[in-house]
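Take a look at the structure below.
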Amino acid sequence: MVRWKIVLVCQALFVLTYALAVPLVMYAIGPDGTAYIQQAKFFALGDLWEAASGYWSPLLSLLSAPLIVAGVDPVIAFRVAQGVAGVGYIGAAIWGTTQIFQLTARGQWIVGLIAAITSAAWSCGLTTPDVAIALFLLLYFPFSASDELLTDWRKAAAAGVFGALAFLAKAYAFPFFLAHFTFCAALRYLADRKEVSLGRALLGWGVGLLAFAIVCGPWIGILSAKYGRFTFSNSGAFNHYQVGIEDFDWHVLYRLQEPAPDRINVWETPEKLQFEDWSPIASKENALRQIRHFKSNARKIVEGFWVFEVLGLFPAGLFVVWVASLAHGPKRPRFLVGWMILTLGIYAGGFMPVAFEIRYMWAVLMPLCLAQLWAFVEELVAQRNEYEFEASAWRRYVPVLFAVYLIFSCSLRPAFYLARDAFSDRASGRVQKQLGSELKAAGIAGPVAMIGDRWQDGLLVSYYADRPYLGKTLETNWDAAEQEFDQFGVQTLIVDSRDPLAEQIGRHGEWELVATSPVMDYELRTYRRTSPQSAD
């Protein structure tokens, strides 16, 4: 049974932490954040056609739009939407894991406190839907693991609804739900085949898919109409394209190029980037390259479980839980071992062919792993009680110390990264926001280009200056770079002082230095063209 007081206290802790931390990193929105916020602006204007994107999922932008309509700064509105998702995530983490693993109050405290601290760090440090998709998947999981999944149509329908909402938060939930729900239905049927007919099982599975289709169908219909073909997402091709190039440096995105009409930068419309996806079966070389990438991602996924907490106890701990449950546990714990292996394998394994970061799995899988591990600890404690070891030091202190360790160690890494970013001028976005606001107030001309490695610096400065951003030059020779600037009609340059071209620009009178902004061990220098020039 869920202790709702625990939920409220953990949510209050999140709100307090988020309110204190987010102002320090408010404007560190990154390239993804600029795209999501621009999407929210289109929603606020009622321009659904422009807001529809196969790359940027709509949920957080939709939550931001009403605040933008009310006059709230779009960046602040998006941060509020992330906070709302974070509050919901904590409730979903406690409720979902308790429903699945029957956690006691102590287990709910552990999951809730870790969810509060980590989700605050993730929501402050990133402008991505990782927490939002985890919110709805943690509401979906209890229904997919329910003993009544195939016998109670309401459970199957609820699974479909929450799976669809997860898809609206992040498109990855679409293939994940279809695979995971199908395998869960099959696993449930195998466990109950003596009591449940195949027809009843297929009906329950069909109800879940129908509910999923009803909720996410309208958005898929809009995307399919916009792109002229059936699609639920167009991010897979670009993500796969990245891993097909040795030493990929994002040149397709970074190079100078015009953004689409009414857009600030090309990253708002990644589907329009000039790239060609590759097939792993087209040649032996491609097949070997894909296999190498599978191996690389497999290592990252294993590392992801190791770094859930400081000492990396989770892989070994979960393995012990699974073996013990399969060998000695009753029917329900044995079923949950199969369900967990299925869930972890499908969710993490789905990223194997494409570009993958460990953060993709943390918010979704950490609460499940925590809960199953702690449920096993509680079962051990209960067994010791049966043998009258109530007064032993093991009974009194070890579970408490382990709980404290879990809370501290699982929260330490995200909290450290948040603290690091909060006190870094570059990572916090303060420099880029200030420079962009100053250039906007001065009426600096656009479009803007970048000289230097940090493409993101130029993008954020131009975003806050409300000027189109063309990208950075990839040329190392000044004459070649200047030809590019002339070709694209660049009016403003953001220059990283560490770049070799930074010293050469000062020798050319057509560029005037108008601002210098120190950033850690370098500075951003802003130059404007003294004689306006248009693109050819």
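In the structure tokens, each chain is lettered A, B, ... as it comes, each chain's residues begin at 1, and ligands are numbered from 1 in order of appearance.
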Spatial neighbours of Leu67 (chain A), max dist 12 Å, only C-alpha atoms, sep filter under 5 positions, as a PyMOL selection string: chain A and resi 37+40-41+43-45+60-62+72-81
Surrounding residues of Ser462 (chain A) excluding itself and chain neighbours under 2 positions, 12 Å, only C-alpha atoms, as a ChimeraX atom specification: /A:31,34,263-265,432-440,444-450,455-460,464-471,491-494,526
How would the residues just chosen look if you wrote them out with N, CA, C and O atoms as a compact mmCIF listing (two decimals), in the first residue's frame?
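So the final result, stored in result03.txt, reads:
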```
# COMPACT_ATOMS: atom_id res chain seq x y z
N PRO A 31 21.25 22.90 -27.28
CA PRO A 31 20.58 22.89 -28.59
C PRO A 31 19.20 22.25 -28.55
O PRO A 31 18.27 22.75 -29.17
N THR A 34 16.59 24.67 -27.15
CA THR A 34 16.13 25.72 -28.07
C THR A 34 15.07 25.18 -29.02
O THR A 34 14.10 25.86 -29.33
N ARG A 263 12.73 29.79 -38.52
CA ARG A 263 13.50 29.03 -37.55
C ARG A 263 14.78 29.77 -37.22
O ARG A 263 15.31 30.53 -38.02
N ILE A 264 15.30 29.53 -35.99
CA ILE A 264 16.53 30.17 -35.56
C ILE A 264 17.75 29.40 -36.03
O ILE A 264 18.77 29.97 -36.40
N ASN A 265 17.66 28.07 -36.02
CA ASN A 265 18.80 27.25 -36.41
C ASN A 265 18.33 25.94 -37.03
O ASN A 265 17.17 25.55 -36.89
N GLN A 432 26.26 33.06 -22.06
CA GLN A 432 25.56 33.08 -23.35
C GLN A 432 24.28 33.91 -23.27
O GLN A 432 23.95 34.66 -24.19
N LYS A 433 23.57 33.77 -22.16
CA LYS A 433 22.33 34.54 -21.98
C LYS A 433 22.63 36.03 -21.92
O LYS A 433 21.96 36.84 -22.59
N GLN A 434 23.62 36.40 -21.13
CA GLN A 434 23.94 37.82 -20.98
C GLN A 434 24.41 38.43 -22.30
O GLN A 434 23.97 39.51 -22.70
N LEU A 435 25.31 37.72 -22.99
CA LEU A 435 25.82 38.23 -24.26
C LEU A 435 24.69 38.34 -25.28
O LEU A 435 24.58 39.34 -25.99
N GLY A 436 23.86 37.31 -25.37
CA GLY A 436 22.76 37.35 -26.31
C GLY A 436 21.80 38.49 -26.04
O GLY A 436 21.35 39.17 -26.98
N SER A 437 21.50 38.72 -24.77
CA SER A 437 20.59 39.82 -24.41
C SER A 437 21.20 41.17 -24.76
O SER A 437 20.50 42.08 -25.24
N GLU A 438 22.51 41.32 -24.53
CA GLU A 438 23.18 42.58 -24.86
C GLU A 438 23.16 42.81 -26.37
O GLU A 438 22.92 43.94 -26.83
N LEU A 439 23.42 41.79 -27.15
CA LEU A 439 23.43 41.94 -28.61
C LEU A 439 22.03 42.26 -29.12
O LEU A 439 21.86 43.06 -30.05
N LYS A 440 21.01 41.64 -28.53
CA LYS A 440 19.65 41.93 -28.93
C LYS A 440 19.27 43.38 -28.63
O LYS A 440 18.66 44.07 -29.45
N ILE A 444 21.99 44.10 -32.83
CA ILE A 444 23.01 43.49 -33.68
C ILE A 444 22.37 42.82 -34.89
O ILE A 444 21.28 42.25 -34.79
N ALA A 445 23.03 42.87 -36.02
CA ALA A 445 22.46 42.32 -37.25
C ALA A 445 22.69 40.81 -37.33
O ALA A 445 23.64 40.27 -36.77
N GLY A 446 21.81 40.15 -38.02
CA GLY A 446 21.96 38.71 -38.29
C GLY A 446 22.11 38.52 -39.78
O GLY A 446 21.92 39.46 -40.57
N PRO A 447 22.44 37.32 -40.23
CA PRO A 447 22.63 36.11 -39.42
C PRO A 447 23.99 36.04 -38.72
O PRO A 447 24.88 36.82 -39.02
N VAL A 448 24.07 35.05 -37.79
CA VAL A 448 25.24 34.90 -36.92
C VAL A 448 25.96 33.61 -37.28
O VAL A 448 25.33 32.60 -37.60
N ALA A 449 27.30 33.63 -37.24
CA ALA A 449 28.11 32.43 -37.45
C ALA A 449 29.13 32.33 -36.33
O ALA A 449 29.35 33.29 -35.58
N MET A 450 29.77 31.16 -36.23
CA MET A 450 30.70 30.88 -35.13
C MET A 450 32.06 30.51 -35.68
O MET A 450 32.18 29.82 -36.70
N TRP A 455 30.26 24.91 -30.98
CA TRP A 455 29.10 25.28 -31.80
C TRP A 455 27.92 25.71 -30.92
O TRP A 455 27.17 26.62 -31.26
N GLN A 456 27.79 25.06 -29.75
CA GLN A 456 26.66 25.36 -28.88
C GLN A 456 26.71 26.79 -28.34
O GLN A 456 25.66 27.40 -28.11
N ASP A 457 27.92 27.32 -28.10
CA ASP A 457 28.02 28.69 -27.61
C ASP A 457 27.38 29.67 -28.59
O ASP A 457 26.58 30.53 -28.21
N GLY A 458 27.75 29.54 -29.86
CA GLY A 458 27.19 30.43 -30.86
C GLY A 458 25.69 30.26 -31.00
O GLY A 458 24.95 31.25 -31.16
N LEU A 459 25.23 29.02 -30.92
CA LEU A 459 23.79 28.78 -31.04
C LEU A 459 23.01 29.46 -29.91
O LEU A 459 21.99 30.12 -30.15
N LEU A 460 23.48 29.29 -28.67
CA LEU A 460 22.76 29.88 -27.54
C LEU A 460 22.81 31.40 -27.58
O LEU A 460 21.81 32.07 -27.29
N TYR A 464 19.41 33.70 -27.82
CA TYR A 464 19.01 34.75 -26.88
C TYR A 464 19.07 36.14 -27.53
O TYR A 464 18.39 37.07 -27.06
N ALA A 465 19.83 36.27 -28.61
CA ALA A 465 19.83 37.52 -29.36
C ALA A 465 18.69 37.57 -30.38
O ALA A 465 18.47 38.61 -31.00
N ASP A 466 17.99 36.45 -30.55
CA ASP A 466 16.87 36.33 -31.50
C ASP A 466 17.32 36.64 -32.92
O ASP A 466 16.69 37.40 -33.64
N ARG A 467 18.45 36.03 -33.29
CA ARG A 467 18.97 36.18 -34.64
C ARG A 467 19.22 34.80 -35.23
O ARG A 467 19.58 33.87 -34.52
N PRO A 468 19.04 34.63 -36.55
CA PRO A 468 19.29 33.32 -37.16
C PRO A 468 20.75 32.89 -37.00
O PRO A 468 21.66 33.72 -37.13
N TYR A 469 20.92 31.61 -36.72
CA TYR A 469 22.26 31.06 -36.50
C TYR A 469 22.59 30.10 -37.64
O TYR A 469 21.84 29.16 -37.91
N LEU A 470 23.74 30.33 -38.29
CA LEU A 470 24.11 29.55 -39.46
C LEU A 470 25.01 28.36 -39.13
O LEU A 470 25.12 27.44 -39.94
N GLY A 471 25.66 28.38 -37.98
CA GLY A 471 26.60 27.32 -37.63
C GLY A 471 28.01 27.87 -37.54
O GLY A 471 28.22 29.08 -37.40
N GLN A 491 26.62 38.52 -40.83
CA GLN A 491 26.75 39.89 -40.35
C GLN A 491 27.42 39.96 -38.96
O GLN A 491 27.96 41.00 -38.60
N THR A 492 27.34 38.87 -38.21
CA THR A 492 27.89 38.85 -36.86
C THR A 492 28.66 37.56 -36.65
O THR A 492 28.20 36.48 -37.05
N LEU A 493 29.83 37.65 -36.02
CA LEU A 493 30.65 36.48 -35.73
C LEU A 493 30.85 36.35 -34.23
O LEU A 493 31.19 37.33 -33.55
N ILE A 494 30.62 35.14 -33.71
CA ILE A 494 30.97 34.81 -32.33
C ILE A 494 32.25 33.99 -32.41
O ILE A 494 32.27 32.92 -33.01
N THR A 526 32.75 39.00 -29.92
CA THR A 526 31.70 39.24 -30.90
C THR A 526 32.14 40.34 -31.87
O THR A 526 32.52 41.44 -31.44
```
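Between CA of Met366 (chain A) and CA of Gly86 (chain A) the interatomic distance comes to 14.9 Å.
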For Leu313 (chain A), the nearest of the candidates A:Trp95, A:Phe402, A:Phe143, A:Tyr254, counting only C-alpha atoms: A:Phe402
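For the pair CA of Lys272 (chain A) and CA of Ser235 (chain A), the separation is 11.3 Å.
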DSSP alpha helix (DSSP H) residues within region 67-249 of chain A, as a VMD selection string: chain A and resid 67 to 69 74 to 101 105 to 125 130 to 144 153 to 169 173 to 192 198 to 227 235 to 242
Test item: residues at most 12 Å from region 217-219 of chain A, only C-alpha atoms, excluding those fewer than 4 positions along its chain, as a PyMOL selection string: chain A and resi 48-49+51-54+57-59+160-161+164-165+167-169+171+174+209-213+223-226+230-233
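Remark: for Met26 (chain A), the closest of the candidate residues A:Asp425, A:Glu379, A:Asp147, A:Glu357 is A:Asp425 (distances computed over only C-alpha atoms).
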Residues near Gly338 (chain A), cut-off 10 Å, only C-alpha atoms, skip fewer than 2 positions along chain, as a ChimeraX atom specification: /A:184,187,322,326,333-336,340-343
Please produce an output containing all heavy atoms for each residue in the selection, written as a compact mmCIF listing (two decimals), in the first residue's frame.
```txt
# COMPACT_ATOMS: atom_id res chain seq x y z
N CYS A 184 5.14 -8.91 -22.66
CA CYS A 184 4.51 -9.05 -21.34
C CYS A 184 3.23 -9.87 -21.43
O CYS A 184 2.95 -10.71 -20.56
CB CYS A 184 4.21 -7.67 -20.75
SG CYS A 184 5.66 -6.83 -20.09
N LEU A 187 4.33 -13.42 -21.83
CA LEU A 187 4.85 -13.93 -20.57
C LEU A 187 3.73 -14.23 -19.59
O LEU A 187 3.73 -15.26 -18.89
CB LEU A 187 5.83 -12.92 -19.97
CG LEU A 187 6.61 -13.35 -18.71
CD1 LEU A 187 7.54 -14.50 -19.04
CD2 LEU A 187 7.40 -12.16 -18.16
N TRP A 322 17.91 -12.31 -8.66
CA TRP A 322 17.26 -13.13 -9.67
C TRP A 322 17.50 -14.62 -9.43
O TRP A 322 16.57 -15.42 -9.51
CB TRP A 322 17.77 -12.74 -11.06
CG TRP A 322 17.37 -11.35 -11.47
CD1 TRP A 322 16.42 -10.56 -10.88
CD2 TRP A 322 17.92 -10.57 -12.54
NE1 TRP A 322 16.33 -9.34 -11.51
CE2 TRP A 322 17.24 -9.32 -12.54
CE3 TRP A 322 18.90 -10.80 -13.48
CZ2 TRP A 322 17.52 -8.32 -13.46
CZ3 TRP A 322 19.19 -9.81 -14.41
CH2 TRP A 322 18.51 -8.58 -14.40
N LEU A 326 14.49 -17.20 -8.46
CA LEU A 326 14.19 -18.32 -9.35
C LEU A 326 14.36 -19.66 -8.64
O LEU A 326 13.62 -20.62 -8.90
CB LEU A 326 15.08 -18.27 -10.58
CG LEU A 326 14.80 -17.12 -11.57
CD1 LEU A 326 15.85 -17.11 -12.67
CD2 LEU A 326 13.41 -17.24 -12.18
N PRO A 333 7.38 -13.69 -7.31
CA PRO A 333 8.77 -13.23 -7.48
C PRO A 333 9.46 -13.84 -8.69
O PRO A 333 10.26 -13.17 -9.35
CB PRO A 333 9.44 -13.65 -6.17
CG PRO A 333 8.34 -13.70 -5.17
CD PRO A 333 7.15 -14.20 -5.95
N ARG A 334 9.16 -15.10 -9.00
CA ARG A 334 9.78 -15.71 -10.18
C ARG A 334 9.28 -15.03 -11.45
O ARG A 334 10.06 -14.78 -12.38
CB ARG A 334 9.45 -17.22 -10.23
CG ARG A 334 10.14 -18.04 -9.17
CD ARG A 334 10.23 -19.51 -9.56
NE ARG A 334 8.93 -20.05 -9.95
CZ ARG A 334 8.05 -20.60 -9.12
NH1 ARG A 334 8.36 -20.68 -7.82
NH2 ARG A 334 6.91 -21.09 -9.56
N PHE A 335 8.00 -14.73 -11.49
CA PHE A 335 7.46 -14.01 -12.64
C PHE A 335 8.14 -12.64 -12.78
O PHE A 335 8.49 -12.22 -13.89
CB PHE A 335 5.95 -13.83 -12.50
CG PHE A 335 5.35 -12.89 -13.52
CD1 PHE A 335 5.06 -13.32 -14.80
CD2 PHE A 335 5.09 -11.56 -13.20
CE1 PHE A 335 4.52 -12.46 -15.74
CE2 PHE A 335 4.56 -10.69 -14.12
CZ PHE A 335 4.27 -11.14 -15.40
N LEU A 336 8.35 -11.96 -11.65
CA LEU A 336 8.94 -10.62 -11.71
C LEU A 336 10.40 -10.65 -12.17
O LEU A 336 10.89 -9.67 -12.73
CB LEU A 336 8.83 -9.94 -10.34
CG LEU A 336 7.42 -9.49 -9.95
CD1 LEU A 336 7.42 -8.87 -8.56
CD2 LEU A 336 6.86 -8.51 -10.98
N MET A 340 11.42 -8.39 -15.17
CA MET A 340 12.51 -7.41 -15.07
C MET A 340 13.56 -7.61 -16.16
O MET A 340 14.03 -6.65 -16.79
CB MET A 340 13.16 -7.49 -13.69
CG MET A 340 12.49 -6.61 -12.66
SD MET A 340 12.78 -4.84 -12.93
CE MET A 340 14.47 -4.67 -12.40
N ILE A 341 13.96 -8.86 -16.38
CA ILE A 341 14.94 -9.12 -17.43
C ILE A 341 14.39 -8.67 -18.78
O ILE A 341 15.10 -8.06 -19.59
CB ILE A 341 15.30 -10.62 -17.45
CG1 ILE A 341 16.03 -10.99 -16.16
CG2 ILE A 341 16.15 -10.96 -18.67
CD1 ILE A 341 16.30 -12.47 -16.00
N LEU A 342 13.11 -8.95 -19.01
CA LEU A 342 12.46 -8.51 -20.24
C LEU A 342 12.46 -7.00 -20.36
O LEU A 342 12.82 -6.43 -21.40
CB LEU A 342 11.02 -9.04 -20.25
CG LEU A 342 10.18 -8.81 -21.50
CD1 LEU A 342 10.63 -9.73 -22.62
CD2 LEU A 342 8.70 -9.06 -21.18
N THR A 343 12.10 -6.31 -19.29
CA THR A 343 11.99 -4.84 -19.31
C THR A 343 13.36 -4.19 -19.50
O THR A 343 13.52 -3.30 -20.35
CB THR A 343 11.35 -4.35 -18.00
OG1 THR A 343 10.04 -4.93 -17.86
CG2 THR A 343 11.23 -2.83 -17.99
```
Distance query Ala316 (chain A) at most 12 Å, only C-alpha atoms, self and fewer than 3 positions along chain excluded, as a ChimeraX atom specification: /A:302,305-306,311-313,319-323,369,373
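Closest to Gln372 (chain A) among A:Val243, A:Val207, A:Ala185, A:Ile110 is A:Ile110, based on only C-alpha atoms.
Closest to Lys155 (chain A) among A:Ala115, A:Ser123, A:Trp278, A:Gly204 is A:Gly204, based on only C-alpha atoms.
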Residues within 12 Å of Tyr172 (chain A), only C-alpha atoms, excluding chain neighbours under 2 positions, as a ChimeraX atom specification: /A:54-57,129-130,133-134,137,163-170,174-179,232-236,239,346-351,354,360-361
Nearby residues (only C-alpha atoms) at most 8 Å from Leu103 (chain A), same-chain spacing under 6 positions excluded, as a ChimeraX atom specification: /A:1,97,371,374-375
Distance criterion (only C-alpha atoms): nearest to Arg154 (chain A) out of A:Arg289, A:Ser197, A:Pro518, A:Trp205: A:Trp205
